[in-house]
Amino acid sequence: MIQKIEYIVCDVKGVKIGEGEPIVIQSMCNTPTEDVAATVRQCKELHDAGAQLIRITTPGLRDVKALEEIKKELRASGIETPLVADVHFNADVALAAAAGIADKVRINPGNFSKDHDIAISKFRELISICKKYGTALRIGLNHGSLGERITSLYGDTPAGMVKAVMEWLSVCVEEHFENVVVSLKASNTKVMVDAYRLLYITMAEELGKLFPLHLGVTEAGNGDSGRIKSAVGIGTLLADGIGNTIRVSLTENPVNELPVARLLADLASQKEFDLNCATWEEFIVKAAYKFAGPLLDNKADDISLIDATVAGKHLSEAQIADYRDELLQACRRRFTKPEYIACPSCGRTHYDIETVLAKIKEATKEFAGVKIAVMGCIVNGPGEMADADFGYVGEGGGKITLYKGKEAVMRGIPQENAVEKLLELIKNS
Ligand code: SF4
């Protein structure tokens with residue numbers, strides 16, 4: 001017997017996320033939250049660029065206070081865009097943000113405590129506050145930060161990610177709280193797509209309900225490769241009919257994320273489209289959307305760009321070759337360049353990550369196939385740099401820690417020498 005599936009729609013202060021609703025596009029501030037003026041300014045820019053939800057990093061209680069101020073100022077200037085508090089670890093911060101300040105709170109409840117029973121009880125407390133104040137939740141689990149309890153049983157795999165999130169969704173169902181969105185992001189596009197597909201099926205089979213899904217490729221980096229990687233992961237799932245809200249994370253001004261997200265959301269509503277594009281950005285995103293699924297699923301080995309045009313001109317052979325390399329690498333089919341795993345930066349970032357990423361890319365371009373992570377902070381960076389071979393992580397106070405695999409091998413390096421030291425580390429390994 002085919003079970004009837006219930007489609008859940010999350011309502012974030014009037015912005016509806018779920019089946020039957022248009023795909024919602026969102027972004028995240030990268031200003032320090034306590035710098036209220038800078039964050040308000042950036043929220044306005046993101047709103048003007050089309051963001052329908054804006055996320056703000058909220059690691060501590062002082063940030064919750066700042067978020068309250070930011071919200072007041074935005075509302076006073078007529079901007080009603082819902083604000084999402086991004087809380088990674090601290091349950092008390094999540095409880096404070098959910099109590100009428102943030103419109104939605106993003107958490108990984110597994111990080112609330114190493115003791116699973118305590119984490120569950122804090123999560124139930126958070127749910128009761130969300131119910132009281134009409135606050136939505138995003139349960140956001142990232143590949144690479146699953147915790148030992150899950151990885152010891154399932155490994156750091158899509159199955160482990162799904163198992164972990166299903167535990168929290170079951171608590172939501174028990175508590176009759178469904179104003180929830182779920183994300184299972186990864187930097188590896190194959191892992192990300194597999195995790196969301198598996199979650200979709202598992203929710204239908206085990207809960208008989210489909211909670212809305214927030215799609216994103218974490219640490220996608222910048223420039224063409226960041227856009228292509230995001231379009232591969234997000235586009236493949238949207239083409240499957242999976243995904244209700246999206247964020248394209250780029251290590252750039254977050255305003256640049258929104259045209260890419262808009263284009264992906266629009267492509268999802270089109271049955272067919274050609275590759276006659278007005279701009280290069282439009283081309284790289286559309287072509288990734290078109291070709292990524294079959295490449296990721298091993299149903300195709302190559303792409304044809306004979307008919308593609310940008311601003312009325314056919315692509316040169318060099319452009320086609322370069323694009324093919326980027327796309328095949330983003331689909332994890334052929335590795336011809338180093339792979340950069342770079343966080344989009346946020347209020348926790350301790351250095352100018354965009355400039356440093358450009359320097360690292362230039363210094364390491366000959367190391368094809370080597371995975372290099374460039375992360376803004378030591379709190380979340382090491383957990384989220386996935387399976388990088390080397391990591392460059394901001395410590396704060398102008399210092400950098402370098403990682404080889406998961407091990408911190410050099411700490412306290414002054415930022416001025418850190419790219420050079422990273423290069424030495426790669427060469428000597
Ligand atoms: S890793 Fe980057 S994006 Fe993630 S919390 Fe740290 S600085 Fe922010």
# chains A, B, ... in the order shown; residues from 1 in each chain; ligands from 1
>>> residues_near_ligand(ligand="ligand 1", cutoff="8 Å", atoms="only C-alpha atoms and all ligand atoms", output="list in words")
Asn30, Thr57, Glu219, Ala342, Cys343, Pro344, Ser345, Cys346, Gly347, Arg348, Thr349, His350, Met375, Gly376, Cys377, Ile378, Val379, Asn380, Gly381, Pro382 and Glu384 of chain A
>>> residues_around(residues="stretch 93-107 of chain A", least_positions_apart="6", cutoff="10 Å", atoms="only C-alpha atoms", output="PyMOL selection string")
chain A and resi 11-13+53-65+67-69+71-72+81-87+122-123+125-141+179-183
>>> write_last_selection(atoms="N, CA and C atoms", output="compact mmCIF listing (two decimals), in the first residue's frame")
# COMPACT_ATOMS: atom_id res chain seq x y z
N ASP A 11 6.77 28.21 8.03
CA ASP A 11 6.37 29.61 7.86
C ASP A 11 7.31 30.48 8.71
N VAL A 12 8.18 31.22 8.03
CA VAL A 12 9.11 32.09 8.76
C VAL A 12 8.56 33.52 8.64
N LYS A 13 7.71 33.87 9.55
CA LYS A 13 7.09 35.20 9.56
C LYS A 13 6.57 35.58 8.17
N LEU A 53 15.47 35.68 3.01
CA LEU A 53 15.81 35.40 4.41
C LEU A 53 17.26 35.84 4.58
N ILE A 54 17.59 36.37 5.74
CA ILE A 54 19.00 36.77 5.98
C ILE A 54 19.46 36.12 7.28
N ARG A 55 20.57 35.42 7.19
CA ARG A 55 21.11 34.72 8.37
C ARG A 55 22.24 35.55 8.95
N ILE A 56 22.32 35.53 10.27
CA ILE A 56 23.33 36.33 10.97
C ILE A 56 23.97 35.44 12.03
N THR A 57 25.30 35.45 12.06
CA THR A 57 25.97 34.57 13.03
C THR A 57 25.71 35.06 14.45
N THR A 58 25.37 34.12 15.32
CA THR A 58 24.97 34.49 16.69
C THR A 58 25.61 33.50 17.67
N PRO A 59 26.95 33.60 17.83
CA PRO A 59 27.60 32.60 18.68
C PRO A 59 27.36 32.80 20.17
N GLY A 60 27.14 34.05 20.62
CA GLY A 60 27.03 34.29 22.07
C GLY A 60 25.83 35.16 22.40
N LEU A 61 25.61 35.32 23.71
CA LEU A 61 24.44 36.10 24.15
C LEU A 61 24.56 37.58 23.75
N ARG A 62 25.82 38.08 23.68
CA ARG A 62 25.97 39.48 23.26
C ARG A 62 25.52 39.66 21.81
N ASP A 63 25.71 38.61 21.01
CA ASP A 63 25.27 38.67 19.61
C ASP A 63 23.74 38.65 19.51
N VAL A 64 23.11 37.96 20.45
CA VAL A 64 21.64 37.94 20.46
C VAL A 64 21.13 39.36 20.72
N LYS A 65 21.78 40.03 21.65
CA LYS A 65 21.41 41.43 21.97
C LYS A 65 21.61 42.29 20.71
N LEU A 67 21.59 41.30 17.67
CA LEU A 67 20.59 40.89 16.67
C LEU A 67 19.26 41.63 16.91
N GLU A 68 18.95 41.78 18.18
CA GLU A 68 17.71 42.50 18.54
C GLU A 68 17.77 43.94 18.01
N GLU A 69 18.93 44.58 18.21
CA GLU A 69 19.12 45.95 17.72
C GLU A 69 19.02 46.02 16.20
N LYS A 71 17.54 44.01 14.19
CA LYS A 71 16.17 43.78 13.73
C LYS A 71 15.34 45.06 13.89
N LYS A 72 15.51 45.71 15.06
CA LYS A 72 14.76 46.96 15.31
C LYS A 72 15.06 47.98 14.22
N THR A 81 12.36 41.60 6.01
CA THR A 81 12.97 40.29 5.71
C THR A 81 13.22 39.52 7.01
N PRO A 82 12.73 38.29 7.11
CA PRO A 82 12.99 37.52 8.34
C PRO A 82 14.49 37.31 8.58
N LEU A 83 14.86 37.34 9.85
CA LEU A 83 16.26 37.17 10.24
C LEU A 83 16.45 35.81 10.92
N VAL A 84 17.52 35.15 10.54
CA VAL A 84 17.81 33.81 11.06
C VAL A 84 19.06 33.90 11.93
N ALA A 85 18.95 33.46 13.18
CA ALA A 85 20.13 33.42 14.07
C ALA A 85 20.88 32.12 13.81
N ASP A 86 22.16 32.25 13.50
CA ASP A 86 22.97 31.06 13.24
C ASP A 86 23.71 30.69 14.52
N VAL A 87 23.21 29.66 15.20
CA VAL A 87 23.81 29.25 16.48
C VAL A 87 24.37 27.85 16.29
N LYS A 122 17.54 19.78 26.05
CA LYS A 122 17.70 21.19 25.62
C LYS A 122 16.91 21.45 24.34
N PHE A 123 16.93 20.47 23.46
CA PHE A 123 16.21 20.64 22.19
C PHE A 123 14.70 20.74 22.44
N GLU A 125 13.35 21.90 25.10
CA GLU A 125 13.15 23.24 25.68
C GLU A 125 13.09 24.29 24.57
N LEU A 126 14.01 24.14 23.61
CA LEU A 126 14.04 25.10 22.48
C LEU A 126 12.74 25.03 21.69
N ILE A 127 12.26 23.82 21.47
CA ILE A 127 11.00 23.67 20.72
C ILE A 127 9.86 24.37 21.44
N SER A 128 9.83 24.25 22.77
CA SER A 128 8.70 24.87 23.48
C SER A 128 8.80 26.40 23.37
N ILE A 129 10.01 26.94 23.35
CA ILE A 129 10.15 28.40 23.17
C ILE A 129 9.75 28.79 21.75
N CYS A 130 10.16 28.00 20.76
CA CYS A 130 9.78 28.30 19.36
C CYS A 130 8.26 28.30 19.21
N LYS A 131 7.60 27.33 19.86
CA LYS A 131 6.13 27.26 19.78
C LYS A 131 5.52 28.53 20.38
N LYS A 132 6.05 28.92 21.52
CA LYS A 132 5.50 30.09 22.24
C LYS A 132 5.64 31.37 21.41
N TYR A 133 6.79 31.55 20.75
CA TYR A 133 7.05 32.81 20.04
C TYR A 133 6.84 32.72 18.53
N GLY A 134 6.42 31.58 18.02
CA GLY A 134 6.21 31.44 16.58
C GLY A 134 7.52 31.47 15.80
N THR A 135 8.59 30.99 16.43
CA THR A 135 9.91 31.00 15.78
C THR A 135 10.10 29.69 15.00
N ALA A 136 10.65 29.82 13.79
CA ALA A 136 10.94 28.61 13.00
C ALA A 136 12.32 28.09 13.37
N LEU A 137 12.58 26.83 13.00
CA LEU A 137 13.90 26.23 13.26
C LEU A 137 14.48 25.67 11.98
N ARG A 138 15.79 25.78 11.85
CA ARG A 138 16.47 24.93 10.85
C ARG A 138 17.38 23.99 11.60
N ILE A 139 17.18 22.70 11.38
CA ILE A 139 18.12 21.71 11.90
C ILE A 139 19.17 21.54 10.82
N GLY A 140 20.36 22.04 11.08
CA GLY A 140 21.41 22.06 10.06
C GLY A 140 22.58 21.21 10.47
N LEU A 141 22.74 20.07 9.82
CA LEU A 141 23.89 19.20 10.09
C LEU A 141 24.83 19.24 8.90
N ASN A 179 7.38 23.50 12.44
CA ASN A 179 7.83 24.70 11.75
C ASN A 179 9.36 24.61 11.54
N VAL A 180 9.73 23.62 10.77
CA VAL A 180 11.13 23.18 10.72
C VAL A 180 11.59 22.99 9.27
N VAL A 181 12.82 23.41 9.02
CA VAL A 181 13.50 23.15 7.75
C VAL A 181 14.75 22.34 8.09
N VAL A 182 15.20 21.51 7.15
CA VAL A 182 16.37 20.66 7.43
C VAL A 182 17.44 20.91 6.37
N SER A 183 18.70 20.88 6.81
CA SER A 183 19.79 20.91 5.81
C SER A 183 20.84 19.87 6.16
>>> residues_around(residues="A:Ile120", least_positions_apart="2", cutoff="12 Å", atoms="only C-alpha atoms", output="PyMOL selection string")
chain A and resi 91+108-118+122-127+167-172+174-175
>>> residues_around(residues="A:Thr39", least_positions_apart="2", cutoff="10 Å", atoms="only C-alpha atoms", output="ChimeraX atom specification")
/A:29-37,41-45,56,66-67,70,347
>>> write_last_selection(atoms="C-alpha atoms", output="CSV table (one decimal), in the first residue's frame")
chain,number,residue,atom,x,y,z
A,29,CYS,CA,26.0,38.4,6.6
A,30,ASN,CA,29.7,38.2,7.0
A,31,THR,CA,30.0,41.2,9.2
A,32,PRO,CA,30.7,40.9,13.0
A,33,THR,CA,27.2,40.8,14.5
A,34,GLU,CA,28.2,43.1,17.3
A,35,ASP,CA,29.0,45.8,14.7
A,36,VAL,CA,25.3,46.7,14.4
A,37,ALA,CA,25.7,49.5,11.9
A,41,ARG,CA,24.1,48.0,6.2
A,42,GLN,CA,24.8,44.6,4.8
A,43,CYS,CA,21.3,43.3,5.5
A,44,LYS,CA,20.0,46.2,3.5
A,45,GLU,CA,22.3,45.3,0.6
A,56,ILE,CA,23.3,36.3,11.0
A,66,ALA,CA,23.0,42.9,18.8
A,67,LEU,CA,20.6,40.9,16.7
A,70,ILE,CA,19.7,45.0,14.1
A,347,GLY,CA,31.1,37.4,11.8
>>> select_by_dssp(residues="stretch 151-350 of chain A", states="strand (DSSP E)", output="PyMOL selection string")
chain A and resi 180-185+209-210+214-215+245-246+276-277+309-310+313-314+339-342
>>> closest_residue(among="A:Ser145, A:Ala288, A:Gly20, A:Met28", to="A:Glu257", atoms="only C-alpha atoms")
A:Met28
>>> residues_around(residues="A:Ile8", least_positions_apart="6", cutoff="10 Å", atoms="only C-alpha atoms", output="number ranges by chain")
A: 17-19, 178-181, 209-212
>>> write_last_selection(atoms="C-alpha atoms", output="CSV table (one decimal), in the first residue's frame")
chain,number,residue,atom,x,y,z
A,17,ILE,CA,9.2,27.3,2.6
A,18,GLY,CA,7.9,23.9,1.3
A,19,GLU,CA,6.2,21.9,-1.3
A,178,GLU,CA,6.7,21.2,12.5
A,179,ASN,CA,7.8,24.7,11.7
A,180,VAL,CA,11.1,23.2,10.7
A,181,VAL,CA,13.5,23.2,7.8
A,209,LYS,CA,6.1,13.5,6.2
A,210,LEU,CA,8.4,15.6,4.1
A,211,PHE,CA,10.0,18.5,6.0
A,212,PRO,CA,11.2,21.3,3.7
>>> closest_residue(among="A:Leu267, A:Val285, A:Asn253, A:Ala318", to="A:Ser230", atoms="only C-alpha atoms")
A:Val285
>>> select_by_dssp(residues="stretch 66-313 of chain A", states="helix (DSSP H, G or I)", output="number ranges by chain")
A: 66-76, 91-98, 109-111, 116-133, 148-154, 158-174, 189-207, 223-240, 254-268, 280-296
>>> atom_distance(atom1="atom CA of A:Ser121", atom2="atom CA of A:His176")
15.3 Å
>>> closest_residue(among="A:Ala321, A:Ile5, A:Val24, A:Leu425", to="A:Glu206", atoms="only C-alpha atoms")
A:Ile5
>>> closest_residue(among="A:Thr245, A:Lys406, A:Leu422, A:Glu362", to="A:Cys10", atoms="only C-alpha atoms")
A:Thr245
>>> residues_around(residues="A:Lys359", least_positions_apart="4", cutoff="8 Å", atoms="only C-alpha atoms", output="number ranges by chain")
A: 355, 363, 419
>>> write_last_selection(atoms="C-alpha atoms", output="compact mmCIF listing (two decimals), in the first residue's frame")
# COMPACT_ATOMS: atom_id res chain seq x y z
CA THR A 355 42.46 38.11 -0.24
CA ALA A 363 50.70 29.81 -4.62
CA VAL A 419 50.76 31.23 3.17
